[in-house]
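Here is the structure we will look at.
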Amino acid sequence: MPQFSTTRHVPHSATDMFDLVADVKSYPRFVPLCESLVVRSRRREEGREILIATMAIAYKMIRESFTTRVVLDREAMTIRAEYLDGPFSHLENVWRFEPHGRGDCVVHFNIDYAFRSRALSMLMGAVFDRAFRKFTQAFEERADAVYGAPA
């Protein structure tokens, strides 16, 4: 199964970065390959917010949608997306935010996935790999745009 993990030190607070990643409706504006995102439901459970969201991804002539259960745990400063339906056989994405220093933080990003179809895996695998490697950079650039670039 393809997997990608990275840890980045960013000049924005853990709370700001959590809020930025939790704002899933804004993803089509800046997330690589994300064409649209619809939040299907939202509820609170045991101090966490749980979303069911469907993301449409597009690359050239290929368009696919997938649905995830997204758990926003502000107390633990984690965001976890678990696969429910779509072209994958498995998808799990975890963000973890650690306060560090004065107003900055360390962001941990991990994604683990596998396509259901071998053909789609061969066609989209390299594209997804490149896109996931750009995710944290896209969020850092979005944070600079929303919260201001560091001095």
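Chain labels follow the order of the structure tokens: the first chain is A, the next B, and so on; residue numbering restarts at 1 in every chain, and ligands are counted from 1 in their shown order.
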> range 37-41 of chain A: which residues within 10 Å, counting only C-alpha atoms, same-chain residues fewer than 3 positions away excluded, as a PyMOL selection string?
Replying inline: chain A and resi 24-28+34+50-57+65-70
Would you give me, as CSV, each residue of range 52-88 of chain A having an atom within 10 Å of an atom of range 106-122 of chain A, along with its shortest atom pair and that distance in Å to one decimal, using only C-alpha atoms and sorting by chain and residue number?
```
residue,atom,partner,partner_atom,distance
A:Ile62,CA,A:Leu120,CA,9.5
A:Thr78,CA,A:His108,CA,9.3
A:Ile79,CA,A:Phe109,CA,9.7
A:Arg80,CA,A:Asn110,CA,9.6
A:Ala81,CA,A:Ile111,CA,9.2
A:Tyr83,CA,A:Tyr113,CA,9.1
A:Gly86,CA,A:Arg116,CA,8.6
A:Pro87,CA,A:Arg116,CA,5.7
A:Phe88,CA,A:Phe115,CA,4.0
```
Export, as a JSON list (two decimals), in the first residue's frame, the selected residues with N, CA, C and O atoms.
```
[["chain", "number", "residue", "atom", "x", "y", "z"],
["A", 62, "ILE", "N", -9.78, 12.16, -15.81],
["A", 62, "ILE", "CA", -10.21, 11.23, -14.76],
["A", 62, "ILE", "C", -10.86, 12.01, -13.62],
["A", 62, "ILE", "O", -10.32, 13.00, -13.13],
["A", 78, "THR", "N", -5.80, 16.41, 16.85],
["A", 78, "THR", "CA", -5.66, 15.48, 15.74],
["A", 78, "THR", "C", -6.89, 15.54, 14.84],
["A", 78, "THR", "O", -8.00, 15.85, 15.29],
["A", 79, "ILE", "N", -6.66, 15.25, 13.58],
["A", 79, "ILE", "CA", -7.73, 15.12, 12.58],
["A", 79, "ILE", "C", -7.46, 13.81, 11.85],
["A", 79, "ILE", "O", -6.37, 13.60, 11.33],
["A", 80, "ARG", "N", -8.46, 12.95, 11.86],
["A", 80, "ARG", "CA", -8.32, 11.62, 11.25],
["A", 80, "ARG", "C", -9.43, 11.42, 10.23],
["A", 80, "ARG", "O", -10.60, 11.60, 10.53],
["A", 81, "ALA", "N", -9.06, 11.05, 9.01],
["A", 81, "ALA", "CA", -10.03, 10.74, 7.96],
["A", 81, "ALA", "C", -9.95, 9.25, 7.68],
["A", 81, "ALA", "O", -8.87, 8.72, 7.41],
["A", 83, "TYR", "N", -11.68, 6.07, 5.43],
["A", 83, "TYR", "CA", -12.37, 5.76, 4.18],
["A", 83, "TYR", "C", -13.71, 5.06, 4.42],
["A", 83, "TYR", "O", -13.80, 4.13, 5.22],
["A", 86, "GLY", "N", -15.80, 4.59, -2.27],
["A", 86, "GLY", "CA", -15.17, 5.19, -3.45],
["A", 86, "GLY", "C", -14.20, 4.23, -4.11],
["A", 86, "GLY", "O", -14.32, 3.01, -3.95],
["A", 87, "PRO", "N", -13.20, 4.77, -4.80],
["A", 87, "PRO", "CA", -12.30, 3.94, -5.62],
["A", 87, "PRO", "C", -11.16, 3.28, -4.84],
["A", 87, "PRO", "O", -10.32, 2.60, -5.43],
["A", 88, "PHE", "N", -11.11, 3.48, -3.55],
["A", 88, "PHE", "CA", -10.02, 2.91, -2.75],
["A", 88, "PHE", "C", -10.47, 1.60, -2.10],
["A", 88, "PHE", "O", -11.65, 1.39, -1.86]]
```
> Which value, in Å to one decimal, gives the distance between CA of Gly103 in chain A and CA of Ala149 in chain A?
Replying inline: 12.8 Å
Please return as a PDB file with N, CA, C and O atoms, in the first residue's frame: the residues of range 4-35 of chain A that backbone DSSP assigns to strand (DSSP E).
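Written out: selection-v1.pdb:
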```pdb
ATOM      1  N   PHE A   4       2.585   7.852   2.764  1.00  0.00           N
ATOM      2  CA  PHE A   4       3.438   9.023   2.800  1.00  0.00           C
ATOM      3  C   PHE A   4       3.299   9.659   4.179  1.00  0.00           C
ATOM      4  O   PHE A   4       2.195   9.840   4.684  1.00  0.00           O
ATOM      5  N   SER A   5       4.426   9.989   4.791  1.00  0.00           N
ATOM      6  CA  SER A   5       4.447  10.664   6.091  1.00  0.00           C
ATOM      7  C   SER A   5       5.443  11.803   6.026  1.00  0.00           C
ATOM      8  O   SER A   5       6.487  11.682   5.381  1.00  0.00           O
ATOM      9  N   THR A   6       5.114  12.873   6.715  1.00  0.00           N
ATOM     10  CA  THR A   6       6.054  13.978   6.820  1.00  0.00           C
ATOM     11  C   THR A   6       5.793  14.720   8.126  1.00  0.00           C
ATOM     12  O   THR A   6       4.693  14.684   8.673  1.00  0.00           O
ATOM     13  N   THR A   7       6.819  15.378   8.607  1.00  0.00           N
ATOM     14  CA  THR A   7       6.732  16.226   9.787  1.00  0.00           C
ATOM     15  C   THR A   7       7.309  17.569   9.392  1.00  0.00           C
ATOM     16  O   THR A   7       8.410  17.630   8.849  1.00  0.00           O
ATOM     17  N   ARG A   8       6.535  18.622   9.644  1.00  0.00           N
ATOM     18  CA  ARG A   8       6.974  19.965   9.237  1.00  0.00           C
ATOM     19  C   ARG A   8       6.844  20.929  10.414  1.00  0.00           C
ATOM     20  O   ARG A   8       5.849  20.913  11.127  1.00  0.00           O
ATOM     21  N   HIS A   9       7.832  21.791  10.559  1.00  0.00           N
ATOM     22  CA  HIS A   9       7.763  22.882  11.528  1.00  0.00           C
ATOM     23  C   HIS A   9       7.198  24.090  10.783  1.00  0.00           C
ATOM     24  O   HIS A   9       7.739  24.461   9.740  1.00  0.00           O
ATOM     25  N   VAL A  10       6.096  24.652  11.276  1.00  0.00           N
ATOM     26  CA  VAL A  10       5.472  25.781  10.585  1.00  0.00           C
ATOM     27  C   VAL A  10       5.352  26.979  11.525  1.00  0.00           C
ATOM     28  O   VAL A  10       5.186  26.823  12.729  1.00  0.00           O
ATOM     29  N   CYS A  34      -8.198  18.380  -5.705  1.00  0.00           N
ATOM     30  CA  CYS A  34      -9.539  18.488  -5.131  1.00  0.00           C
ATOM     31  C   CYS A  34     -10.407  19.402  -5.990  1.00  0.00           C
ATOM     32  O   CYS A  34     -10.179  20.605  -6.070  1.00  0.00           O
ATOM     33  N   GLU A  35     -11.412  18.810  -6.608  1.00  0.00           N
ATOM     34  CA  GLU A  35     -12.334  19.563  -7.460  1.00  0.00           C
ATOM     35  C   GLU A  35     -13.515  20.103  -6.660  1.00  0.00           C
ATOM     36  O   GLU A  35     -13.974  21.212  -6.884  1.00  0.00           O
TER      37      GLU A  35
END
```
>> I'd like to know which of A:Asp104, A:Leu72, A:Val94, A:Ser36 is closest to Ala14 in chain A, using only C-alpha atoms.
In response: A:Asp104
> Contacts of Glu141 in chain A at 12 Å or less, counting only C-alpha atoms, minus same-chain residues fewer than 4 places along, as a list in words?
Replying inline: Val10, Pro11, His12, Met17, Leu20, Arg29, Phe30, Val31, Lys134, Phe135, Thr136, Gln137, Ala145, Val146, Tyr147, Gly148, Ala149 and Pro150 of chain A
Could you write those residues out with all heavy atoms, as a compact mmCIF listing (two decimals), in the first residue's frame?
```
# COMPACT_ATOMS: atom_id res chain seq x y z
N VAL A 10 6.10 24.65 11.28
CA VAL A 10 5.47 25.78 10.58
C VAL A 10 5.35 26.98 11.53
O VAL A 10 5.19 26.82 12.73
CB VAL A 10 4.08 25.42 9.99
CG1 VAL A 10 4.21 24.32 8.95
CG2 VAL A 10 3.11 25.01 11.06
N PRO A 11 5.40 28.19 10.98
CA PRO A 11 5.38 29.40 11.80
C PRO A 11 3.96 29.86 12.16
O PRO A 11 3.69 31.06 12.22
CB PRO A 11 6.10 30.42 10.92
CG PRO A 11 5.74 30.00 9.54
CD PRO A 11 5.69 28.49 9.58
N HIS A 12 3.06 28.92 12.38
CA HIS A 12 1.68 29.23 12.77
C HIS A 12 1.33 28.35 13.95
O HIS A 12 1.90 27.26 14.12
CB HIS A 12 0.71 28.98 11.61
CG HIS A 12 1.02 29.80 10.40
ND1 HIS A 12 0.73 31.14 10.30
CD2 HIS A 12 1.65 29.46 9.24
CE1 HIS A 12 1.15 31.60 9.12
NE2 HIS A 12 1.71 30.59 8.46
N MET A 17 -3.44 25.93 12.70
CA MET A 17 -3.26 24.87 11.70
C MET A 17 -4.37 23.83 11.81
O MET A 17 -4.87 23.34 10.80
CB MET A 17 -1.88 24.23 11.83
CG MET A 17 -0.73 25.16 11.46
SD MET A 17 -0.87 25.90 9.80
CE MET A 17 -0.68 24.46 8.75
N LEU A 20 -7.38 25.33 10.14
CA LEU A 20 -7.20 25.36 8.69
C LEU A 20 -7.49 24.00 8.07
O LEU A 20 -8.22 23.91 7.08
CB LEU A 20 -5.77 25.80 8.37
CG LEU A 20 -5.51 26.12 6.92
CD1 LEU A 20 -5.85 27.58 6.65
CD2 LEU A 20 -4.06 25.87 6.59
N ARG A 29 -10.29 25.19 -2.98
CA ARG A 29 -9.55 26.41 -3.31
C ARG A 29 -8.05 26.20 -3.39
O ARG A 29 -7.35 26.98 -4.04
CB ARG A 29 -9.84 27.50 -2.27
CG ARG A 29 -11.24 27.96 -2.27
CD ARG A 29 -11.41 29.12 -1.30
NE ARG A 29 -12.81 29.19 -0.90
CZ ARG A 29 -13.22 29.56 0.28
NH1 ARG A 29 -12.35 29.93 1.21
NH2 ARG A 29 -14.50 29.58 0.56
N PHE A 30 -7.53 25.16 -2.69
CA PHE A 30 -6.06 25.07 -2.61
C PHE A 30 -5.47 23.66 -2.55
O PHE A 30 -4.27 23.51 -2.70
CB PHE A 30 -5.54 25.89 -1.42
CG PHE A 30 -5.89 25.31 -0.07
CD1 PHE A 30 -5.00 24.51 0.61
CD2 PHE A 30 -7.12 25.57 0.51
CE1 PHE A 30 -5.31 23.98 1.84
CE2 PHE A 30 -7.45 25.05 1.74
CZ PHE A 30 -6.54 24.25 2.41
N VAL A 31 -6.27 22.64 -2.33
CA VAL A 31 -5.73 21.28 -2.19
C VAL A 31 -5.53 20.66 -3.57
O VAL A 31 -6.45 20.66 -4.39
CB VAL A 31 -6.66 20.40 -1.32
CG1 VAL A 31 -6.22 18.94 -1.34
CG2 VAL A 31 -6.68 20.92 0.12
N LYS A 134 2.64 17.10 -1.96
CA LYS A 134 2.46 18.55 -1.99
C LYS A 134 1.42 19.04 -0.98
O LYS A 134 1.24 20.24 -0.82
CB LYS A 134 2.03 18.99 -3.40
CG LYS A 134 3.12 18.80 -4.43
CD LYS A 134 2.64 19.25 -5.79
CE LYS A 134 3.72 19.06 -6.83
NZ LYS A 134 3.29 19.48 -8.16
N PHE A 135 0.71 18.12 -0.33
CA PHE A 135 -0.36 18.51 0.59
C PHE A 135 0.12 19.46 1.68
O PHE A 135 -0.47 20.50 1.90
CB PHE A 135 -0.98 17.27 1.24
CG PHE A 135 -2.22 16.79 0.55
CD1 PHE A 135 -2.39 16.89 -0.81
CD2 PHE A 135 -3.24 16.22 1.29
CE1 PHE A 135 -3.52 16.44 -1.43
CE2 PHE A 135 -4.39 15.76 0.68
CZ PHE A 135 -4.53 15.87 -0.69
N THR A 136 1.15 19.06 2.41
CA THR A 136 1.58 19.90 3.53
C THR A 136 2.04 21.27 3.04
O THR A 136 1.76 22.28 3.68
CB THR A 136 2.68 19.22 4.36
OG1 THR A 136 3.71 18.77 3.50
CG2 THR A 136 2.12 18.05 5.15
N GLN A 137 2.71 21.31 1.89
CA GLN A 137 3.12 22.60 1.34
C GLN A 137 1.88 23.45 0.99
O GLN A 137 1.86 24.65 1.26
CB GLN A 137 3.97 22.40 0.09
CG GLN A 137 4.41 23.70 -0.54
CD GLN A 137 5.23 23.47 -1.81
OE1 GLN A 137 5.72 22.38 -2.07
NE2 GLN A 137 5.35 24.52 -2.60
N ALA A 145 -1.51 32.61 3.63
CA ALA A 145 -2.50 33.47 2.99
C ALA A 145 -3.60 33.88 3.99
O ALA A 145 -4.06 35.03 4.00
CB ALA A 145 -3.13 32.79 1.78
N VAL A 146 -4.03 32.95 4.83
CA VAL A 146 -5.13 33.21 5.77
C VAL A 146 -4.64 33.98 7.00
O VAL A 146 -5.28 34.94 7.44
CB VAL A 146 -5.80 31.88 6.21
CG1 VAL A 146 -6.78 32.10 7.35
CG2 VAL A 146 -6.51 31.24 5.01
N TYR A 147 -3.52 33.57 7.59
CA TYR A 147 -3.04 34.12 8.86
C TYR A 147 -1.91 35.12 8.71
O TYR A 147 -1.51 35.75 9.67
CB TYR A 147 -2.58 33.00 9.79
CG TYR A 147 -3.63 31.95 10.04
CD1 TYR A 147 -3.40 30.62 9.76
CD2 TYR A 147 -4.87 32.30 10.58
CE1 TYR A 147 -4.37 29.65 10.00
CE2 TYR A 147 -5.85 31.34 10.83
CZ TYR A 147 -5.59 30.02 10.52
OH TYR A 147 -6.55 29.07 10.75
N GLY A 148 -1.39 35.26 7.51
CA GLY A 148 -0.27 36.16 7.26
C GLY A 148 1.04 35.42 7.21
O GLY A 148 1.28 34.51 8.01
N ALA A 149 1.86 35.77 6.26
CA ALA A 149 3.18 35.15 6.12
C ALA A 149 4.06 35.57 7.28
O ALA A 149 3.96 36.70 7.76
CB ALA A 149 3.80 35.53 4.79
N PRO A 150 4.93 34.68 7.74
CA PRO A 150 5.82 35.05 8.84
C PRO A 150 6.77 36.17 8.43
O PRO A 150 7.13 36.29 7.28
CB PRO A 150 6.60 33.75 9.13
CG PRO A 150 6.42 32.92 7.91
CD PRO A 150 5.16 33.34 7.24
```
> What is the CA of Phe97 in chain A to CA of Gly47 in chain A distance in Å?
Replying inline: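 CA of Phe97 in chain A sits 17.5 Å away from CA of Gly47 in chain A.
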>> I need the helix (DSSP H, G or I) residues of range 26-142 of chain A per DSSP on the backbone, written as a PyMOL selection string.
In response: chain A and resi 26-29+118-142
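Nearest residue to Pro32 in chain A, choosing from A:Pro2, A:Cys105, A:Ser89, A:Arg133 and counting only C-alpha atoms: A:Arg133.
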> Between CA of Pro99 in chain A and CA of Arg130 in chain A, what is the spacing in Å?
Replying inline: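 If I compute the distance from CA of Arg130 in chain A to CA of Pro99 in chain A, I get 27.8 Å.
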